[in-house]
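Q: My questions all concern the structure below.
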2 protein chains.
Amino acid sequence: MNSISSFRKAVVLLSGGIDSATTLAVAKKEGFAPYAITFHYGQRHSREVKYAKTVAKTIGAEEHLILDINLRAIGGSALTDDIEVPRDRSSIGEDIPATYVPARNTIFLSYAMGWAEVLGTGDIFTGVSAVDYSGYPDCRPEYIDAFEKMANLATKAAIEGKKFRIHTPLISLSKGEIIKKGLSLGVDFSLTHSCYDPRPDGKACGRCDSCQLRLKGFREAGAEDPVAYVDR
Amino acid sequence: MNSISSFRKAVVLLSGGIDSATTLAVAKKEGFAPYAITFHYGQRHSREVKYAKTVAKTIGAEEHLILDINLRAIGGSALTDDIEVPRDRSSIGEDIPATYVPARNTIFLSYAMGWAEVLGTGDIFTGVSAVDYSGYPDCRPEYIDAFEKMANLATKAAIEGKKFRIHTPLISLSKGEIIKKGLSLGVDFSLTHSCYDPRPDGKACGRCDSCQLRLKGFREAGAEDPVAYVDR
């Protein structure tokens, strides 16, 4: 009989959105014991952290580490500074929008790398996709490869033979394919949050990149988006 | 006449110790307008942050950003966890000691990268040395090169042509050479702090790796260490 200790640990970046929830389910399906990590980074849509908690619990993370890191001190993004969130963009993926947060994925992966080392594992999962995405440079496969190479030089663990591997199971999937995969793994998307600029009552705006990509994904997947929107 | 705006900005990692103070002075000497960044990361010797403030002011940083990031939540080091600080080691540099903090330099450089991007520069200075050091993997030149490559894929700035360069002016200098360089640039080392395990009155222990390397450096430089020790 399998006990939990027979599973390999993996750190999973979890934001509370569709991609990371699906990634957590994939890690679990692949036989990892997932350790979820979420960041309260001063994001405009900080309510996603509350969703991440429920997702971690529902999908079954071994532990869920929530770190408070203040990226507002750095700013430079519509998500962490007084810059308006772009709406109704028709050029999603063609340029880098104002919602790009400088160094965000690198900072997240760096913390994940440190926690993985302490947990005694080299496996890290992130739900980045380079298909239906906002054009963020730190979602591309060449970036992930470079981070992995760096991690394998940065750490005591790697020097002692525990190599890091950044798993990106969604990197070549469209939003529709991600949603289908999540649904097939039993992910309850009513527990996720995607909107960059939610209303005080929590309703999604339906017009930011994140909402647009989500809505497109559900259309492609032929499924109903279970979350509430304001002005569709 | 030079105005400040004619200088190129550079982000400088500043801990309050000898190496980073010297690095800040080097950046200034090389004609950069230095923006210092210091981390309150839950380190045992958190009093170094107070020293960093004075160093930044004295050497003349344009700005000094102090970020609170809790690496104790991750732990795994004698500096951030309930693990004893090794003393009187004779094998400094030959293995990786308990004071190694998983992912520390990667997390620090990642924040520096983000701030640099917001400031509109690609220049980052760090005072790592791979000569008289504690054997930390994230102080080696091959690690720094890998971080730089990753940074040039991670950021909007790099994609738009503002390449990142991680400057490591001390990487091949011994502690004695670093101290000589600092003294030649007018750095006041009485304002710095190195000890990993200072006494409540602030006196340095004289026995941790950091104290041992500092004392060796001052001997090599033929200079008097201006800070107070307990048990020499």
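Residues are referred to by chain and number: the chain letter is A, B, ... according to the order shown in the structure tokens, the number counts from 1 in that chain, and ligands are numbered separately from 1 in the order shown.
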Could you pull the residues within 9 Å of Val187 (chain A), counting only C-alpha atoms, minus those fewer than 5 positions along the same chain, as a list in words?
A: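 Near neighbours after the sequence-gap exclusion: Ile18, Ala21, Thr22, Ala25, Val55, Thr58, Ile59, Ile179, Lys181 and Gly182 of chain A.
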Q: Define the interface residues of chain B facing chain A as those within 7 Å, counting only C-alpha atoms, and report them as a list in words.
A: Ile69, Ile74, Gly76, Pro102, Ala103, Thr106, Ile107, Ser110, Tyr111, Met113, Gly114, Trp115, Glu117, Val118, Pro137, Asp138, Tyr143, Ala146, Phe147, Lys149, Met150, Leu153, Ala154, Thr155 and Lys156 of chain B
Q: Could those residues be written to a file, using C-alpha atoms, as a PDB file, in the first residue's frame?
A:
```
ATOM      1  CA  ILE B  69      10.731  39.375   2.835  1.00  0.00           C
ATOM      2  CA  ILE B  74      11.104  28.673   4.105  1.00  0.00           C
ATOM      3  CA  GLY B  76      16.608  25.577   6.046  1.00  0.00           C
ATOM      4  CA  PRO B 102      18.480  28.303   0.010  1.00  0.00           C
ATOM      5  CA  ALA B 103      17.774  30.589  -2.958  1.00  0.00           C
ATOM      6  CA  THR B 106      18.523  34.293  -6.546  1.00  0.00           C
ATOM      7  CA  ILE B 107      15.662  35.910  -4.651  1.00  0.00           C
ATOM      8  CA  SER B 110      15.287  38.719  -8.836  1.00  0.00           C
ATOM      9  CA  TYR B 111      13.984  41.683  -6.847  1.00  0.00           C
ATOM     10  CA  MET B 113      16.076  42.768 -11.636  1.00  0.00           C
ATOM     11  CA  GLY B 114      12.478  43.890 -11.152  1.00  0.00           C
ATOM     12  CA  TRP B 115      13.474  47.206  -9.596  1.00  0.00           C
ATOM     13  CA  GLU B 117      13.454  47.268 -14.939  1.00  0.00           C
ATOM     14  CA  VAL B 118      11.139  49.798 -13.297  1.00  0.00           C
ATOM     15  CA  PRO B 137      27.031  28.014  -4.799  1.00  0.00           C
ATOM     16  CA  ASP B 138      25.237  31.268  -5.609  1.00  0.00           C
ATOM     17  CA  TYR B 143      25.889  31.036 -11.395  1.00  0.00           C
ATOM     18  CA  ALA B 146      23.334  31.845 -15.751  1.00  0.00           C
ATOM     19  CA  PHE B 147      21.298  34.434 -13.833  1.00  0.00           C
ATOM     20  CA  LYS B 149      21.157  34.895 -19.274  1.00  0.00           C
ATOM     21  CA  MET B 150      17.869  34.167 -17.537  1.00  0.00           C
ATOM     22  CA  LEU B 153      14.834  36.320 -21.295  1.00  0.00           C
ATOM     23  CA  ALA B 154      12.621  37.172 -18.305  1.00  0.00           C
ATOM     24  CA  THR B 155      11.967  40.830 -18.830  1.00  0.00           C
ATOM     25  CA  LYS B 156      10.153  43.223 -21.086  1.00  0.00           C
TER      26      LYS B 156
END
```
Q: What's around Leu173 (chain B) at 8 Å? Count only C-alpha atoms, leave out sequence neighbours fewer than 2 positions away in its own chain, and write the answer as a VMD selection string.
A: chain B and resid 129 to 132 170 to 171 175 to 178
Q: Those same residues, written as a compact mmCIF listing (two decimals), in the first residue's frame with N, CA and C atoms?
A:
```txt
# COMPACT_ATOMS: atom_id res chain seq x y z
N SER B 129 31.94 37.27 -4.00
CA SER B 129 33.33 36.93 -4.27
C SER B 129 33.44 35.42 -4.25
N ALA B 130 34.23 34.87 -5.14
CA ALA B 130 34.41 33.41 -5.17
C ALA B 130 35.81 33.04 -4.70
N VAL B 131 36.44 33.96 -3.93
CA VAL B 131 37.78 33.66 -3.41
C VAL B 131 37.68 33.35 -1.91
N ASP B 132 37.61 34.38 -1.08
CA ASP B 132 37.43 34.15 0.35
C ASP B 132 35.95 34.18 0.68
N LEU B 170 33.98 42.33 -7.39
CA LEU B 170 34.85 41.71 -6.37
C LEU B 170 35.04 40.22 -6.59
N ILE B 171 34.48 39.68 -7.68
CA ILE B 171 34.37 38.21 -7.77
C ILE B 171 35.71 37.49 -7.66
N LYS B 175 39.59 38.64 0.40
CA LYS B 175 39.01 39.58 1.38
C LYS B 175 39.97 40.74 1.65
N GLY B 176 41.26 40.42 1.70
CA GLY B 176 42.24 41.49 1.91
C GLY B 176 42.23 42.51 0.78
N GLU B 177 42.12 42.02 -0.43
CA GLU B 177 42.08 42.92 -1.59
C GLU B 177 40.80 43.76 -1.60
N ILE B 178 39.69 43.13 -1.18
CA ILE B 178 38.42 43.87 -1.12
C ILE B 178 38.54 45.01 -0.11
```
Q: Using the chain letters and numbers from this document, which residues of region 15-174 of chain A does DSSP assign to helix (DSSP H, G or I), as a ChimeraX atom specification?
A: /A:18-29,48-59,71-73,104-119,137-139,141-154,156-159
Q: So that I can check the secondary structure, give me every residue of region 112-201 of chain A assigned strand (DSSP E) by backbone DSSP, as a list in words.
A: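 Taking region 112-201 of chain A and keeping strand (DSSP E) only, one gets Asp123, Ile124, Phe125, Arg165, Ile166 and His167 of chain A.
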Q: Since chain B and chain A share a sequence, can you fit the second onto the first over all C-alpha atoms in order and output it as a short mmCIF file (atom, residue, chain, number, x, y, z; two decimals) with C-alpha atoms, in the first residue's frame?
A:
```cif
data_model
loop_
_atom_site.label_atom_id
_atom_site.label_comp_id
_atom_site.auth_asym_id
_atom_site.auth_seq_id
_atom_site.Cartn_x
_atom_site.Cartn_y
_atom_site.Cartn_z
CA MET A 1 28.37 70.32 -15.82
CA ASN A 2 27.13 66.89 -14.95
CA SER A 3 23.67 66.69 -13.54
CA ILE A 4 22.54 63.50 -11.86
CA SER A 5 20.37 62.62 -14.85
CA SER A 6 23.46 62.22 -16.99
CA PHE A 7 24.55 59.21 -14.93
CA ARG A 8 23.38 55.72 -15.70
CA LYS A 9 21.37 54.17 -12.93
CA ALA A 10 22.46 50.89 -11.36
CA VAL A 11 20.81 48.76 -8.70
CA VAL A 12 23.27 47.69 -6.00
CA LEU A 13 22.61 44.83 -3.58
CA LEU A 14 23.58 46.14 -0.15
CA SER A 15 23.74 44.00 2.99
CA GLY A 16 25.64 46.28 5.32
CA GLY A 17 28.80 44.16 5.17
CA ILE A 18 32.25 44.88 3.80
CA ASP A 19 31.75 43.45 0.32
CA SER A 20 28.53 45.21 -0.56
CA ALA A 21 29.71 48.54 0.91
CA THR A 22 32.82 48.31 -1.27
CA THR A 23 30.68 47.36 -4.27
CA LEU A 24 28.49 50.41 -3.74
CA ALA A 25 31.61 52.59 -3.69
CA VAL A 26 32.89 50.89 -6.87
CA ALA A 27 29.58 51.49 -8.69
CA LYS A 28 29.75 55.15 -7.71
CA LYS A 29 33.40 55.41 -8.76
CA GLU A 30 32.52 53.86 -12.13
CA GLY A 31 30.08 56.72 -12.72
CA PHE A 32 26.78 55.01 -11.94
CA ALA A 33 23.96 56.60 -9.99
CA PRO A 34 23.48 53.79 -7.44
CA TYR A 35 20.08 52.62 -6.20
CA ALA A 36 20.71 50.43 -3.17
CA ILE A 37 18.44 47.54 -2.22
CA THR A 38 18.55 45.75 1.13
CA PHE A 39 16.52 42.84 2.46
CA HIS A 40 15.11 42.29 5.88
CA TYR A 41 14.73 38.56 5.32
CA GLY A 42 14.41 37.23 8.82
CA GLN A 43 18.18 36.90 9.17
CA ARG A 44 19.60 36.18 12.60
CA HIS A 45 21.86 39.21 12.21
CA SER A 46 19.06 41.57 11.17
CA ARG A 47 20.99 44.43 12.71
CA GLU A 48 22.94 44.51 9.42
CA VAL A 49 19.96 46.35 7.88
CA LYS A 50 20.58 49.31 10.21
CA TYR A 51 24.21 49.36 9.09
CA ALA A 52 23.13 49.20 5.43
CA LYS A 53 21.10 52.38 5.96
CA THR A 54 24.12 54.29 7.21
CA VAL A 55 26.36 52.87 4.49
CA ALA A 56 23.86 53.87 1.76
CA LYS A 57 23.65 57.38 3.15
CA THR A 58 27.39 57.81 3.70
CA ILE A 59 28.52 56.49 0.32
CA GLY A 60 25.66 58.32 -1.36
CA ALA A 61 22.99 56.08 -2.88
CA GLU A 62 20.31 57.91 -4.87
CA GLU A 63 17.66 55.84 -3.16
CA HIS A 64 17.68 53.00 -0.68
CA LEU A 65 14.89 50.44 -0.93
CA ILE A 66 14.51 48.14 2.07
CA LEU A 67 12.24 45.18 1.46
CA ASP A 68 10.73 42.93 4.09
CA ILE A 69 10.72 39.37 2.83
CA ASN A 70 10.30 36.51 5.19
CA LEU A 71 12.73 33.74 4.33
CA ARG A 72 12.07 32.21 7.76
CA ALA A 73 8.85 30.89 6.24
CA ILE A 74 11.10 28.69 4.12
CA GLY A 75 13.93 28.20 6.61
CA GLY A 76 16.60 25.58 6.04
CA SER A 77 19.56 27.73 7.17
CA ALA A 78 21.39 28.62 10.36
CA LEU A 79 20.64 32.24 9.46
CA THR A 80 16.87 31.81 9.11
CA ASP A 81 16.01 28.76 11.18
CA ASP A 82 16.72 27.15 14.56
CA ILE A 83 20.06 25.75 13.44
CA GLU A 84 23.30 26.63 15.21
CA VAL A 85 25.77 28.95 13.48
CA PRO A 86 29.02 27.02 12.93
CA ARG A 87 32.08 28.42 14.70
CA ASP A 88 35.84 28.11 14.40
CA ARG A 89 35.59 26.20 11.14
CA SER A 90 38.92 25.40 9.55
CA SER A 91 37.38 24.28 6.25
CA ILE A 92 35.89 27.60 5.11
CA GLY A 93 35.24 27.47 1.37
CA GLU A 94 35.69 23.71 1.09
CA ASP A 95 32.09 22.73 1.70
CA ILE A 96 28.70 24.41 1.91
CA PRO A 97 28.04 25.30 5.55
CA ALA A 98 24.79 25.51 7.52
CA THR A 99 24.70 29.27 7.00
CA TYR A 100 23.88 28.73 3.32
CA VAL A 101 20.39 30.17 2.76
CA PRO A 102 18.48 28.32 0.02
CA ALA A 103 17.77 30.58 -2.96
CA ARG A 104 18.90 33.74 -1.15
CA ASN A 105 21.00 35.32 -3.87
CA THR A 106 18.52 34.29 -6.56
CA ILE A 107 15.67 35.92 -4.65
CA PHE A 108 17.75 39.06 -4.02
CA LEU A 109 18.85 39.33 -7.65
CA SER A 110 15.28 38.72 -8.85
CA TYR A 111 13.99 41.68 -6.85
CA ALA A 112 16.94 43.75 -8.08
CA MET A 113 16.07 42.77 -11.65
CA GLY A 114 12.47 43.89 -11.17
CA TRP A 115 13.47 47.20 -9.61
CA ALA A 116 16.09 47.80 -12.31
CA GLU A 117 13.45 47.26 -14.97
CA VAL A 118 11.14 49.80 -13.32
CA LEU A 119 14.04 52.27 -12.98
CA GLY A 120 14.84 51.82 -16.66
CA THR A 121 18.28 50.27 -16.26
CA GLY A 122 19.84 46.85 -16.87
CA ASP A 123 22.84 47.35 -14.58
CA ILE A 124 22.93 45.43 -11.31
CA PHE A 125 25.89 45.25 -8.93
CA THR A 126 26.48 42.49 -6.41
CA GLY A 127 29.46 42.06 -4.09
CA VAL A 128 29.82 38.30 -4.41
CA SER A 129 33.33 36.93 -4.26
CA ALA A 130 34.41 33.41 -5.16
CA VAL A 131 37.77 33.65 -3.41
CA ASP A 132 37.42 34.15 0.36
CA TYR A 133 33.85 32.99 0.73
CA SER A 134 31.80 30.41 2.54
CA GLY A 135 31.44 28.07 -0.45
CA TYR A 136 27.91 29.23 -1.28
CA PRO A 137 27.02 28.01 -4.80
CA ASP A 138 25.24 31.26 -5.61
CA CYS A 139 28.45 33.27 -5.34
CA ARG A 140 30.23 31.56 -8.23
CA PRO A 141 30.78 33.19 -11.64
CA GLU A 142 28.97 30.40 -13.52
CA TYR A 143 25.89 31.03 -11.41
CA ILE A 144 26.02 34.78 -12.06
CA ASP A 145 26.35 34.15 -15.81
CA ALA A 146 23.33 31.85 -15.75
CA PHE A 147 21.29 34.43 -13.83
CA GLU A 148 22.22 37.11 -16.36
CA LYS A 149 21.15 34.89 -19.27
CA MET A 150 17.86 34.16 -17.54
CA ALA A 151 17.28 37.87 -16.82
CA ASN A 152 17.72 38.63 -20.48
CA LEU A 153 14.83 36.30 -21.29
CA ALA A 154 12.62 37.14 -18.31
CA THR A 155 11.95 40.80 -18.84
CA LYS A 156 10.13 43.20 -21.10
CA ALA A 157 13.14 45.53 -20.83
CA ALA A 158 15.52 42.93 -22.25
CA ILE A 159 13.17 42.07 -25.08
CA GLU A 160 13.04 45.75 -25.95
CA GLY A 161 16.83 45.91 -26.06
CA LYS A 162 17.84 46.99 -22.56
CA LYS A 163 20.17 44.13 -21.73
CA PHE A 164 20.87 43.13 -18.16
CA ARG A 165 24.37 43.02 -16.88
CA ILE A 166 25.24 41.66 -13.45
CA HIS A 167 28.40 43.46 -12.36
CA THR A 168 30.58 41.53 -9.90
CA PRO A 169 33.59 43.77 -9.34
CA LEU A 170 34.84 41.70 -6.37
CA ILE A 171 34.37 38.20 -7.76
CA SER A 172 38.07 37.40 -8.07
CA LEU A 173 39.36 39.43 -5.12
CA SER A 174 40.49 38.05 -1.78
CA LYS A 175 39.03 39.57 1.38
CA GLY A 176 42.25 41.48 1.91
CA GLU A 177 42.10 42.92 -1.59
CA ILE A 178 38.42 43.87 -1.11
CA ILE A 179 39.27 45.73 2.09
CA LYS A 180 42.18 47.53 0.42
CA LYS A 181 39.93 48.54 -2.46
CA GLY A 182 37.23 49.75 -0.07
CA LEU A 183 39.75 51.77 1.95
CA SER A 184 41.16 53.32 -1.24
CA LEU A 185 37.63 54.44 -2.14
CA GLY A 186 37.09 55.94 1.30
CA VAL A 187 34.70 53.33 2.67
CA ASP A 188 34.32 53.65 6.43
CA PHE A 189 34.28 50.03 7.59
CA SER A 190 33.33 51.03 11.12
CA LEU A 191 29.84 51.48 9.64
CA THR A 192 29.66 47.88 8.40
CA HIS A 193 28.55 44.68 10.09
CA SER A 194 29.60 41.14 9.20
CA CYS A 195 28.92 38.80 12.14
CA TYR A 196 26.26 36.13 11.64
CA ASP A 197 25.65 35.77 15.35
CA PRO A 198 26.19 39.08 17.10
CA ARG A 199 25.78 39.50 20.86
CA PRO A 200 22.82 41.54 22.14
CA ASP A 201 25.18 44.50 22.61
CA GLY A 202 26.10 44.26 18.92
CA LYS A 203 29.62 42.91 19.42
CA ALA A 204 30.79 40.48 16.76
CA CYS A 205 31.45 36.87 17.83
CA GLY A 206 34.79 36.59 16.05
CA ARG A 207 34.25 32.89 15.38
CA CYS A 208 31.60 32.47 12.66
CA ASP A 209 32.76 32.16 9.03
CA SER A 210 31.86 35.76 8.36
CA CYS A 211 33.92 37.10 11.29
CA GLN A 212 36.82 34.80 10.47
CA LEU A 213 36.91 35.94 6.84
CA ARG A 214 36.66 39.57 7.91
CA LEU A 215 39.48 39.27 10.43
CA LYS A 216 41.67 37.43 7.91
CA GLY A 217 40.95 40.19 5.37
CA PHE A 218 42.00 42.97 7.73
CA ARG A 219 45.18 41.06 8.63
CA GLU A 220 45.98 40.64 4.91
CA ALA A 221 45.23 44.28 4.21
CA GLY A 222 47.46 45.31 7.12
CA ALA A 223 44.62 47.40 8.53
CA GLU A 224 42.84 47.58 11.86
CA ASP A 225 39.27 46.26 11.94
CA PRO A 226 37.32 49.11 13.56
CA VAL A 227 34.41 47.01 14.86
CA ALA A 228 34.17 45.48 18.34
CA TYR A 229 34.51 41.75 19.03
CA VAL A 230 33.72 39.75 22.15
CA ASP A 231 36.14 36.92 22.50
CA ARG A 232 39.26 37.42 20.47
#
```
